[in-house]
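Trainee: Got data05.cif for you, mmCIF, C-alpha atoms:
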```
data_start
loop_
_atom_site.label_atom_id
_atom_site.label_comp_id
_atom_site.auth_asym_id
_atom_site.auth_seq_id
_atom_site.Cartn_x
_atom_site.Cartn_y
_atom_site.Cartn_z
CA MET P 1 92.38 57.65 102.51
CA SER P 2 94.55 54.63 101.95
CA ASP P 3 94.43 51.30 103.72
CA ASP P 4 97.40 52.39 105.75
CA ASP P 5 95.57 55.27 107.32
CA GLY P 6 94.38 53.23 110.23
CA LEU P 7 97.96 52.45 111.15
CA ARG P 8 99.19 56.01 111.06
CA ALA P 9 99.43 57.98 114.24
CA PRO P 10 96.94 60.81 114.47
CA ILE P 11 98.37 64.24 113.93
CA SER P 12 99.27 66.07 117.12
CA PRO P 13 97.68 69.43 117.92
CA ALA P 14 101.07 71.09 117.59
CA ASP P 15 101.57 69.62 114.14
CA LEU P 16 98.02 70.53 113.26
CA SER P 17 98.72 74.11 114.21
CA LEU P 18 101.83 74.12 112.05
CA LEU P 19 99.75 72.68 109.24
CA ALA P 20 97.22 75.47 109.65
CA THR P 21 100.00 78.02 109.40
CA GLU P 22 101.31 76.35 106.30
CA LEU P 23 97.84 76.29 104.76
CA GLY P 24 97.60 80.02 105.34
CA GLU P 25 100.86 80.51 103.50
CA ILE P 26 99.70 78.31 100.66
CA ALA P 27 96.44 80.22 100.37
CA ALA P 28 98.23 83.55 100.39
CA SER P 29 100.55 82.38 97.64
CA VAL P 30 97.78 81.58 95.21
CA ASP P 31 97.64 84.08 92.38
CA GLY P 32 94.89 86.60 92.99
CA VAL P 33 94.77 86.30 96.77
CA VAL P 34 95.43 89.59 98.52
CA HIS P 35 94.84 88.58 102.11
CA VAL P 36 93.97 85.55 104.14
CA ARG P 37 91.72 86.27 107.08
CA ALA P 38 90.41 84.34 110.02
CA ARG P 39 86.74 83.44 109.97
CA PRO P 40 84.97 85.33 112.75
CA GLY P 41 83.49 82.92 115.24
CA PHE P 42 85.24 79.94 113.70
CA GLY P 43 85.77 78.07 116.94
CA SER P 44 82.23 78.24 118.21
CA VAL P 45 80.77 77.46 114.81
CA VAL P 46 82.73 74.28 114.23
CA ARG P 47 82.13 73.07 117.76
CA SER P 48 78.43 73.31 117.25
CA ALA P 49 78.40 72.02 113.69
CA LEU P 50 80.75 69.04 113.70
CA GLN P 51 80.04 65.80 115.49
CA GLY P 52 82.86 63.95 117.19
CA LEU P 53 85.17 66.92 117.18
CA SER P 54 88.65 65.91 118.28
CA ALA P 55 90.79 68.97 117.61
CA VAL P 56 90.41 72.59 116.60
CA VAL P 57 93.25 74.87 115.64
CA GLY P 58 93.55 78.26 114.02
CA GLY P 59 90.93 80.88 113.50
CA GLY P 60 93.13 83.87 114.16
CA GLY P 61 93.86 85.94 117.22
CA VAL P 62 96.58 85.42 119.78
CA VAL P 63 96.81 82.61 122.28
CA GLY P 64 95.95 83.92 125.69
CA SER P 65 94.11 86.89 124.26
CA THR P 66 90.42 87.31 124.76
CA VAL P 67 90.15 89.01 121.42
CA GLN P 68 89.55 86.84 118.36
CA SER P 69 90.96 83.81 120.08
CA ASP P 70 87.76 81.86 120.06
CA ALA P 71 89.45 78.97 118.36
CA SER P 72 93.07 79.10 119.49
CA ILE P 73 94.13 75.50 119.82
CA ALA P 74 92.49 72.67 121.61
CA GLY P 75 92.65 68.94 121.50
CA ALA P 76 89.46 67.38 122.75
CA THR P 77 89.97 64.79 125.42
CA SER P 78 88.93 61.26 124.71
CA ALA P 79 88.35 60.35 128.32
CA ASP P 80 84.65 60.80 128.02
CA PRO P 81 83.49 60.35 124.46
CA GLY P 82 79.98 61.17 125.50
CA VAL P 83 80.90 64.73 126.30
CA PRO P 84 80.87 66.95 123.27
CA ALA P 85 83.91 69.08 122.75
CA SER P 86 81.83 72.19 123.09
CA ASP P 87 81.09 71.25 126.67
CA ILE P 88 84.70 70.87 127.64
CA PRO P 89 86.35 73.97 129.05
CA ASP P 90 89.30 75.20 127.03
CA ALA P 91 91.70 74.46 129.86
CA GLU P 92 90.62 70.84 129.89
CA ARG P 93 90.80 70.54 126.17
CA ALA P 94 94.37 71.77 126.06
CA ASP P 95 96.73 69.02 125.09
CA PRO P 96 100.29 69.04 126.45
CA ALA P 97 101.49 68.28 122.97
CA SER P 98 100.09 71.59 121.84
CA ALA P 99 102.07 73.60 124.35
CA GLU P 100 104.53 74.88 121.82
CA ALA P 101 101.93 75.86 119.30
CA ALA P 102 99.71 77.39 121.93
CA ALA P 103 102.36 79.38 123.73
CA PRO P 104 100.84 82.58 125.07
CA GLY P 105 101.40 85.53 122.81
CA ARG P 106 101.93 83.45 119.73
CA PRO P 107 99.60 84.33 116.87
CA VAL P 108 97.05 81.66 116.13
CA PRO P 109 97.03 80.56 112.50
CA LEU P 110 94.45 82.36 110.43
CA VAL P 111 93.31 79.21 108.73
CA GLY P 112 91.10 77.14 110.98
CA ILE P 113 91.23 73.38 110.99
CA ALA P 114 88.67 71.29 112.79
CA VAL P 115 89.25 67.56 112.94
CA ALA P 116 86.24 65.40 113.68
CA ASP P 117 85.71 61.65 113.57
CA LEU P 118 84.78 61.56 109.93
CA GLU P 119 85.81 64.88 108.53
CA THR P 120 88.49 67.53 108.57
CA ARG P 121 87.14 70.99 107.93
CA ILE P 122 89.43 73.78 106.75
CA THR P 123 87.95 77.22 107.21
CA LEU P 124 89.22 80.57 105.99
CA ASP P 125 88.24 83.91 104.54
CA ILE P 126 90.16 85.57 101.74
CA ALA P 127 90.33 88.90 99.98
CA VAL P 128 90.97 88.67 96.26
CA ASP P 129 92.37 91.03 93.68
CA GLU P 130 89.76 92.69 91.50
CA SER P 131 91.80 92.11 88.37
CA GLY P 132 91.19 88.39 88.49
CA SER P 133 88.14 86.20 88.75
CA GLY P 134 87.08 85.67 92.34
CA PRO P 135 85.40 82.29 91.79
CA LEU P 136 88.42 80.92 89.96
CA VAL P 137 90.74 82.13 92.69
CA ALA P 138 88.52 80.60 95.37
CA ARG P 139 88.56 77.24 93.66
CA ALA P 140 92.31 77.39 93.13
CA VAL P 141 92.82 78.09 96.82
CA ALA P 142 90.51 75.29 97.89
CA GLN P 143 92.21 72.83 95.59
CA ALA P 144 95.67 73.82 96.77
CA LEU P 145 94.67 73.34 100.40
CA LEU P 146 93.08 69.97 99.79
CA ASP P 147 96.13 68.82 97.85
CA ARG P 148 98.35 69.75 100.77
CA VAL P 149 96.20 68.07 103.40
CA SER P 150 95.66 64.90 101.41
CA GLY P 151 98.88 63.38 102.71
CA GLU P 152 98.17 64.07 106.36
CA PRO P 153 96.82 61.47 108.82
CA VAL P 154 93.46 63.13 109.21
CA PRO P 155 89.95 62.23 108.05
CA PRO P 156 88.97 63.38 104.55
CA ALA P 157 89.21 67.13 104.28
CA SER P 158 86.86 69.73 102.93
CA VAL P 159 87.15 73.47 102.63
CA ASP P 160 84.84 76.22 103.83
CA LEU P 161 86.06 79.36 102.09
CA ARG P 162 84.55 82.81 101.75
CA ILE P 163 85.60 85.74 99.64
CA VAL P 164 85.00 88.65 101.98
CA SER P 165 86.53 91.43 99.93
CA VAL P 166 87.51 92.21 96.38
CA ALA P 167 90.38 94.66 96.46
CA THR P 168 91.35 97.08 93.75
CA GLY P 169 94.83 98.25 93.00
CA ALA P 170 96.37 95.60 95.17
CA MET Q 1 82.26 76.77 81.08
CA SER Q 2 85.63 75.30 80.38
CA ASP Q 3 87.25 76.89 83.38
CA ARG Q 4 84.67 75.63 85.82
CA PRO Q 5 84.27 72.21 87.29
CA HIS Q 6 81.38 69.98 86.45
CA GLY Q 7 78.09 70.44 88.18
CA THR Q 8 78.14 74.19 87.95
CA ASP Q 9 75.16 74.68 85.75
CA HIS Q 10 73.77 77.28 88.06
CA ALA Q 11 76.57 79.57 87.12
CA HIS Q 12 76.08 81.16 83.78
CA GLU Q 13 78.65 82.92 81.75
CA ASP Q 14 76.82 86.06 80.79
CA PRO Q 15 74.62 87.36 83.55
CA THR Q 16 73.68 90.44 81.60
CA PRO Q 17 70.34 89.99 79.95
CA PRO Q 18 69.97 91.53 76.54
CA ASP Q 19 67.22 93.83 77.62
CA VAL Q 20 68.00 95.36 80.95
CA PRO Q 21 65.53 97.99 81.98
CA VAL Q 22 66.92 101.27 83.13
CA ASP Q 23 64.50 102.92 85.48
CA LEU Q 24 64.68 106.65 85.18
CA GLY Q 25 61.29 107.14 86.66
CA GLY Q 26 62.73 108.62 89.76
CA SER Q 27 65.35 110.64 88.03
CA VAL Q 28 65.71 114.36 88.15
CA GLU Q 29 66.40 116.00 84.87
CA PRO Q 30 69.00 118.70 84.65
CA GLY Q 31 67.32 122.00 84.73
CA GLY Q 32 64.36 120.43 86.44
CA SER Q 33 63.29 120.69 90.01
CA VAL Q 34 66.60 120.27 91.73
CA ALA Q 35 66.86 122.72 94.54
CA PRO Q 36 70.30 124.25 94.50
CA GLY Q 37 70.50 124.11 98.22
CA GLY Q 38 69.34 120.57 98.61
CA PRO Q 39 71.02 118.22 96.23
CA VAL Q 40 70.38 115.06 98.21
CA ASP Q 41 68.24 114.01 101.08
CA PRO Q 42 70.85 112.86 103.54
CA THR Q 43 68.43 110.58 105.32
CA ALA Q 44 67.42 108.69 102.22
CA PRO Q 45 70.41 106.39 102.05
CA VAL Q 46 69.65 104.76 105.37
CA ASP Q 47 65.91 104.51 105.00
CA PRO Q 48 65.11 100.88 104.28
CA GLY Q 49 61.82 101.90 102.83
CA ALA Q 50 63.31 104.26 100.34
CA PRO Q 51 63.96 103.27 96.74
CA GLY Q 52 66.91 101.01 96.73
CA GLY Q 53 66.45 100.34 100.41
CA ALA Q 54 68.80 97.71 101.74
CA ASP Q 55 67.78 94.33 102.98
CA PRO Q 56 68.95 94.80 106.55
CA SER Q 57 66.18 95.32 109.04
CA PRO Q 58 65.87 98.34 111.29
CA ASP Q 59 67.28 96.18 114.05
CA GLU Q 60 70.36 95.65 111.97
CA LEU Q 61 70.59 99.35 111.42
CA VAL Q 62 70.81 99.84 115.13
CA ALA Q 63 73.28 97.03 115.50
CA GLY Q 64 75.34 98.40 112.68
CA ALA Q 65 75.77 101.64 114.46
CA GLU Q 66 77.21 99.89 117.46
CA ASP Q 67 79.81 97.64 115.95
CA GLY Q 68 82.78 97.98 113.68
CA VAL Q 69 85.00 100.98 113.20
CA SER Q 70 83.42 104.37 113.70
CA PRO Q 71 83.19 106.80 110.77
CA GLU Q 72 85.16 109.36 112.72
CA ARG Q 73 88.00 106.93 113.17
CA LEU Q 74 88.00 106.11 109.48
CA VAL Q 75 88.14 109.78 108.60
CA ASP Q 76 91.00 110.37 111.02
CA TYR Q 77 92.86 107.38 109.66
CA LEU Q 78 92.42 108.57 106.10
CA ASP Q 79 93.51 112.08 107.10
CA ALA Q 80 96.67 110.57 108.56
CA GLY Q 81 97.49 108.92 105.27
CA ARG Q 82 96.56 105.50 106.64
CA GLN Q 83 99.55 105.70 108.95
CA PRO Q 84 100.41 104.15 111.27
CA TYR Q 85 99.01 100.89 110.01
CA ASP Q 86 95.79 100.06 111.80
CA PRO Q 87 95.13 96.33 111.60
CA GLU Q 88 91.60 96.70 112.89
CA ILE Q 89 90.80 98.79 109.83
CA GLU Q 90 93.11 97.34 107.23
CA GLU Q 91 92.25 93.74 108.04
CA SER Q 92 88.52 94.20 108.25
CA PRO Q 93 86.66 93.77 104.96
CA GLU Q 94 83.87 96.02 106.19
CA ALA Q 95 86.20 98.79 107.29
CA ARG Q 96 88.22 98.52 104.09
CA ALA Q 97 85.09 98.86 102.00
CA GLN Q 98 84.06 101.94 103.93
CA LEU Q 99 87.52 103.40 103.61
CA ALA Q 100 87.52 102.84 99.85
CA ALA Q 101 84.13 104.51 99.51
CA LEU Q 102 85.28 107.44 101.59
CA GLU Q 103 88.36 107.82 99.42
CA ARG Q 104 86.24 107.78 96.28
CA LEU Q 105 83.93 110.39 97.75
CA ARG Q 106 86.87 112.60 98.54
CA ALA Q 107 88.44 112.07 95.15
CA MET Q 108 85.22 113.04 93.45
CA GLY Q 109 84.95 116.10 95.61
CA ALA Q 110 88.48 117.10 94.79
CA ARG Q 111 87.84 116.77 91.07
CA LEU Q 112 84.73 118.88 91.28
CA LEU Q 113 86.48 121.53 93.29
CA GLU Q 114 89.35 121.65 90.84
CA SER Q 115 86.95 122.13 87.98
CA ASP Q 116 85.09 124.96 89.63
CA ALA Q 117 87.26 126.11 92.45
CA ALA Q 118 86.07 129.69 92.64
CA ALA Q 119 82.41 128.89 92.87
CA SER Q 120 82.53 125.82 95.04
CA PRO Q 121 81.51 126.19 98.64
CA ALA Q 122 82.44 123.70 101.29
CA PRO Q 123 81.02 120.24 100.68
CA ASP Q 124 77.74 119.42 102.32
CA PRO Q 125 78.76 117.14 105.19
CA SER Q 126 75.28 115.76 105.62
CA TRP Q 127 75.31 114.39 102.08
CA ILE Q 128 78.58 112.61 102.68
CA SER Q 129 77.36 111.40 106.03
CA GLY Q 130 74.24 109.97 104.45
CA VAL Q 131 76.17 108.10 101.80
CA MET Q 132 78.67 106.82 104.35
CA ASP Q 133 75.86 105.58 106.57
CA ARG Q 134 74.66 103.55 103.64
CA VAL Q 135 78.16 102.34 102.87
CA ARG Q 136 78.55 101.16 106.45
CA LEU Q 137 75.34 99.23 106.20
CA GLU Q 138 76.15 97.67 102.88
CA SER Q 139 79.68 96.67 103.82
CA ARG Q 140 78.48 94.21 106.43
CA ALA Q 141 79.02 90.61 105.42
CA GLY Q 142 75.33 89.86 104.95
CA ARG Q 143 74.23 86.75 103.13
CA GLN Q 144 76.59 84.15 101.75
CA ILE Q 145 76.45 83.82 97.98
CA PRO Q 146 77.54 80.38 96.79
CA LEU Q 147 80.23 79.74 94.24
CA ALA Q 148 80.60 76.49 92.36
CA SER Q 149 82.71 74.17 94.45
CA ILE Q 150 85.49 71.79 93.59
CA ASP Q 151 83.83 68.85 95.31
CA GLU Q 152 80.61 67.90 97.04
CA ARG Q 153 81.78 68.57 100.57
CA SER Q 154 83.59 71.86 100.18
CA THR Q 155 81.69 75.12 100.24
CA LEU Q 156 82.82 78.31 98.56
CA HIS Q 157 81.06 81.63 98.96
CA ILE Q 158 81.42 85.32 98.40
CA THR Q 159 79.78 87.52 101.00
CA GLU Q 160 76.98 89.85 100.08
CA GLY Q 161 78.97 92.69 101.59
CA ALA Q 162 81.82 92.03 99.20
CA VAL Q 163 79.41 92.01 96.27
CA ARG Q 164 77.74 95.24 97.34
CA SER Q 165 81.15 96.86 97.62
CA LEU Q 166 81.89 95.67 94.10
CA ILE Q 167 78.68 97.19 92.83
CA ARG Q 168 79.36 100.47 94.56
CA GLU Q 169 82.90 100.63 93.28
CA ALA Q 170 81.85 99.84 89.72
CA GLY Q 171 79.18 102.53 89.81
CA ASP Q 172 81.43 105.11 91.38
CA GLY Q 173 83.95 104.37 88.67
CA VAL Q 174 81.65 105.84 86.05
CA GLU Q 175 82.47 109.48 85.44
CA GLY Q 176 79.73 111.68 86.81
CA ALA Q 177 78.03 108.95 88.83
CA MET Q 178 77.94 108.54 92.58
CA VAL Q 179 76.30 105.48 94.04
CA ILE Q 180 73.88 106.29 96.80
CA SER Q 181 72.76 102.74 97.50
CA CYS Q 182 72.68 99.29 96.02
CA THR Q 183 70.45 96.36 96.78
CA ILE Q 184 70.48 92.75 95.70
CA HIS Q 185 66.94 91.40 95.44
CA GLY Q 186 66.30 87.69 95.39
CA ASP Q 187 67.45 84.57 97.16
CA VAL Q 188 71.16 84.79 96.51
CA SER Q 189 71.83 81.76 98.68
CA VAL Q 190 70.23 79.47 96.11
CA PRO Q 191 72.50 78.72 93.15
CA GLY Q 192 70.87 79.69 89.90
CA ALA Q 193 68.12 81.76 91.45
CA LEU Q 194 67.37 84.89 89.51
CA VAL Q 195 68.45 88.03 91.29
CA ARG Q 196 67.87 91.65 90.52
CA VAL Q 197 70.36 94.35 91.36
CA GLU Q 198 69.14 97.86 91.98
CA VAL Q 199 71.63 100.68 91.99
CA VAL Q 200 70.54 104.15 93.02
CA VAL Q 201 72.90 106.85 91.87
CA SER Q 202 73.30 110.57 91.84
CA GLY Q 203 74.29 112.00 88.50
CA LEU Q 204 76.47 115.01 87.91
CA PHE Q 205 74.45 117.96 86.64
CA GLY Q 206 74.87 118.30 82.91
CA GLU Q 207 75.59 114.64 82.25
CA PRO Q 208 73.16 112.89 79.90
CA LEU Q 209 71.38 110.74 82.45
CA PRO Q 210 70.29 107.85 80.20
CA ALA Q 211 73.87 107.40 79.03
CA LEU Q 212 75.10 107.69 82.58
CA ALA Q 213 72.66 105.03 83.77
CA GLU Q 214 73.62 102.77 80.90
CA ALA Q 215 77.30 103.13 81.74
CA VAL Q 216 76.65 102.29 85.39
CA LYS Q 217 74.60 99.28 84.38
CA SER Q 218 77.34 98.06 82.09
CA ALA Q 219 80.07 98.55 84.68
CA VAL Q 220 78.11 96.78 87.40
CA SER Q 221 77.15 93.89 85.14
CA SER Q 222 80.71 93.43 84.01
CA SER Q 223 82.06 93.45 87.54
CA LEU Q 224 79.47 91.01 88.83
CA SER Q 225 80.03 88.71 85.88
CA ARG Q 226 83.73 88.51 86.65
CA GLN Q 227 83.59 88.20 90.41
CA THR Q 228 80.41 86.29 91.15
CA GLU Q 229 78.26 83.53 89.69
CA LEU Q 230 74.98 85.29 90.30
CA THR Q 231 72.27 84.71 87.75
CA LEU Q 232 71.25 88.26 87.05
CA GLU Q 233 67.72 88.93 85.96
CA SER Q 234 68.46 92.60 85.57
CA VAL Q 235 70.55 95.47 86.76
CA ASP Q 236 68.25 98.40 87.36
CA VAL Q 237 69.81 101.80 87.64
CA VAL Q 238 67.81 104.58 89.21
CA VAL Q 239 69.12 108.12 88.91
CA ASP Q 240 67.56 109.44 92.06
CA ASP Q 241 69.41 112.69 92.34
CA VAL Q 242 71.55 115.18 90.53
CA HIS Q 243 74.48 116.76 92.23
CA LEU Q 244 75.72 120.17 91.29
CA GLN Q 245 79.31 121.17 91.04
CA SER Q 246 78.70 124.59 92.51
CA GLU Q 247 76.86 123.09 95.46
CA GLY Q 248 79.46 120.46 96.15
CA GLY Q 249 76.68 117.96 96.31
CA ALA Q 250 78.95 115.05 95.69
CA ALA Q 251 82.01 116.56 97.14
#
```
For this file, write the structure as structure tokens.
Mentor:
Amino acid sequence: MSDDDGLRAPISPADLSLLATELGEIAASVDGVVHVRARPGFGSVVRSALQGLSAVVGGGGVVGSTVQSDASIAGATSADPGVPASDIPDAERADPASAEAAAPGRPVPLVGIAVADLETRITLDIAVDESGSGPLVARAVAQALLDRVSGEPVPPASVDLRIVSVATGA
Amino acid sequence: MSDRPHGTDHAHEDPTPPDVPVDLGGSVEPGGSVAPGGPVDPTAPVDPGAPGGADPSPDELVAGAEDGVSPERLVDYLDAGRQPYDPEIEESPEARAQLAALERLRAMGARLLESDAAASPAPDPSWISGVMDRVRLESRAGRQIPLASIDERSTLHITEGAVRSLIREAGDGVEGAMVISCTIHGDVSVPGALVRVEVVVSGLFGEPLPALAEAVKSAVSSSLSRQTELTLESVDVVVDDVHLQSEGGAA
């Protein structure tokens, strides 16, 4: 991050959701990627794994649905920094700025982004084409996502990517 | 190594050792003791204690029966030509793997019936059911197998379920072979750890079994080399059964 980072406004949950959608499109456009999928349980995993979680978007599903919407979109409140995000009910975590992105019925981005104090974690699952090399495709996807996020006002990003399927004849 | 980032020493380029044992100890020779009416023990594929038994525990077996897409639904979906599009199936890696295996089973059955249409009775449903039970088990995500990453903080993996599907597909792709089960032995979560892959197959009656096993081994090794960074100690192929065209054993 540059010296200017401290002066930049933090990214809003709505913009973060748009970024997650864009990351999904970037991942899907990488040669050899057949599908981009949400990571099952993404929301609960990042909430338990990351300290100082401030926002979580993506992870698949539909806002307002009880199915696969474990992440949806939430901006952790800063009113009580001693309360971990995982202890804050979703309704309380909801940020007015995220209203557009979290409109009921709108699909949640497949790519999950969790922003914590010191780290931004990008999480996704992909299916790759059998004709290529899965490891090379995975690294190409990860690099493309990191390149895209590098200009955003978020803590340093890392990628958690899984190949969950190798498809033939795709 | 040129196409991989630094720090990826655990990933080797040729996972196929020069001397890969092919275990035919459990094989059944053509003309041997194969009972025409009983080509395959349908319960064997889901018995964790059987040769090639999978890693999942009995508890997981029970759990596996309760989640995911039911076999009946997959069959119906395939019968309908995969229409209308079912996102729960098409967008689930596990369901897709099962669907692919089911399609291969059917394709093999169709080929066998075409080659011996007059003599072929209806396929043995219990045989298919046994194999599909195993496919369901193996298609679960399982362990996470690391891939060399692009930096220290990012983590890249391929799921064990995806790898087992690869193995099964590679084996099924060999003419005359039908994969009954596949197991990855070893700590796959540790980069560079030696792992052993065991593939249990049924061979078509009349096929030279050593050549068949060698072809399966080669296909599996090649596929794993391209799609994973596992350090293979060996790929062991066990021809555990012989299926007969006239009995529709693999159909």
Trainee: Give as a compact mmCIF listing (two decimals) with C-alpha atoms, keeping the file's coordinate frame the residues that the PyMOL selection byres ((chain Q) within 8 of (chain P)) matches when applied to the coordinates above.
Mentor:
```
# COMPACT_ATOMS: atom_id res chain seq x y z
CA ASP Q 3 87.25 76.89 83.38
CA ARG Q 4 84.67 75.63 85.82
CA GLU Q 91 92.25 93.74 108.04
CA PRO Q 93 86.66 93.77 104.96
CA ALA Q 97 85.09 98.86 102.00
CA ALA Q 141 79.02 90.61 105.42
CA LEU Q 147 80.23 79.74 94.24
CA ALA Q 148 80.60 76.49 92.36
CA SER Q 149 82.71 74.17 94.45
CA ILE Q 150 85.49 71.79 93.59
CA ARG Q 153 81.78 68.57 100.57
CA SER Q 154 83.59 71.86 100.18
CA THR Q 155 81.69 75.12 100.24
CA LEU Q 156 82.82 78.31 98.56
CA HIS Q 157 81.06 81.63 98.96
CA ILE Q 158 81.42 85.32 98.40
CA THR Q 159 79.78 87.52 101.00
CA GLY Q 161 78.97 92.69 101.59
CA ALA Q 162 81.82 92.03 99.20
CA SER Q 165 81.15 96.86 97.62
CA LEU Q 166 81.89 95.67 94.10
CA ARG Q 226 83.73 88.51 86.65
CA GLN Q 227 83.59 88.20 90.41
CA THR Q 228 80.41 86.29 91.15
CA GLU Q 229 78.26 83.53 89.69
```
Trainee: Contacts of Thr21 in chain P at 9 Å or less, counting all atoms listed in the file, minus same-chain residues fewer than 6 places along, as a PyMOL selection string?
Mentor: chain P and resi 58+108-111
Trainee: For the residues selected in the previous step, produce a file with C-alpha atoms as a CSV table (one decimal), keeping the file's coordinate frame.
Mentor:
```csv
chain,number,residue,atom,x,y,z
P,58,GLY,CA,93.6,78.3,114.0
P,108,VAL,CA,97.0,81.7,116.1
P,109,PRO,CA,97.0,80.6,112.5
P,110,LEU,CA,94.4,82.4,110.4
P,111,VAL,CA,93.3,79.2,108.7
```
Trainee: So what do you get for CA of Ser12 in chain P versus CA of Gly151 in chain P, distance-wise?
Mentor: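 CA of Gly151 in chain P lies 14.7 Å from CA of Ser12 in chain P.
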Trainee: Using only C-alpha atoms, can you tell me which of Q:Gly171, Q:Gly206, Q:Pro87, Q:Gly130 comes closest to Leu224 in chain Q?
Mentor: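 For Leu224 in chain Q, the nearest of the given residues is Q:Gly171.
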Trainee: What's the separation between CA of Ile180 in chain Q and CA of Arg134 in chain Q, in Å to one decimal place?
Mentor: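 About the pair CA of Ile180 in chain Q and CA of Arg134 in chain Q: they are 7.4 Å apart.
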Trainee: Report, in Å with one decimal, the straight-line distance from CA of Ser234 in chain Q to CA of Pro208 in chain Q.
Mentor: 21.6 Å
Trainee: I need the residue nearest Ser92 in chain Q from this list: P:Val46, P:Pro40, P:Val154, P:Asp117. Use only C-alpha atoms for the distance.
Mentor: P:Pro40
Trainee: Just the residues within 12 Å of Leu230 in chain Q, please, counting only C-alpha atoms, with nothing from its chain fewer than 2 positions along; format it as a ChimeraX atom specification.
Mentor: /P:135 /Q:8-16,144-148,157-160,163,184-197,221-228,232-235
Trainee: Starting from the displayed file, determine the output of the PyMOL selection byres ((chain P and resi 20) around 12) and express the residue list as a VMD selection string.
Mentor: chain P and resid 13 to 19 21 to 27 36 38 56 to 60 72 to 73 101 107 to 115 120 to 124 145 148 to 149 152
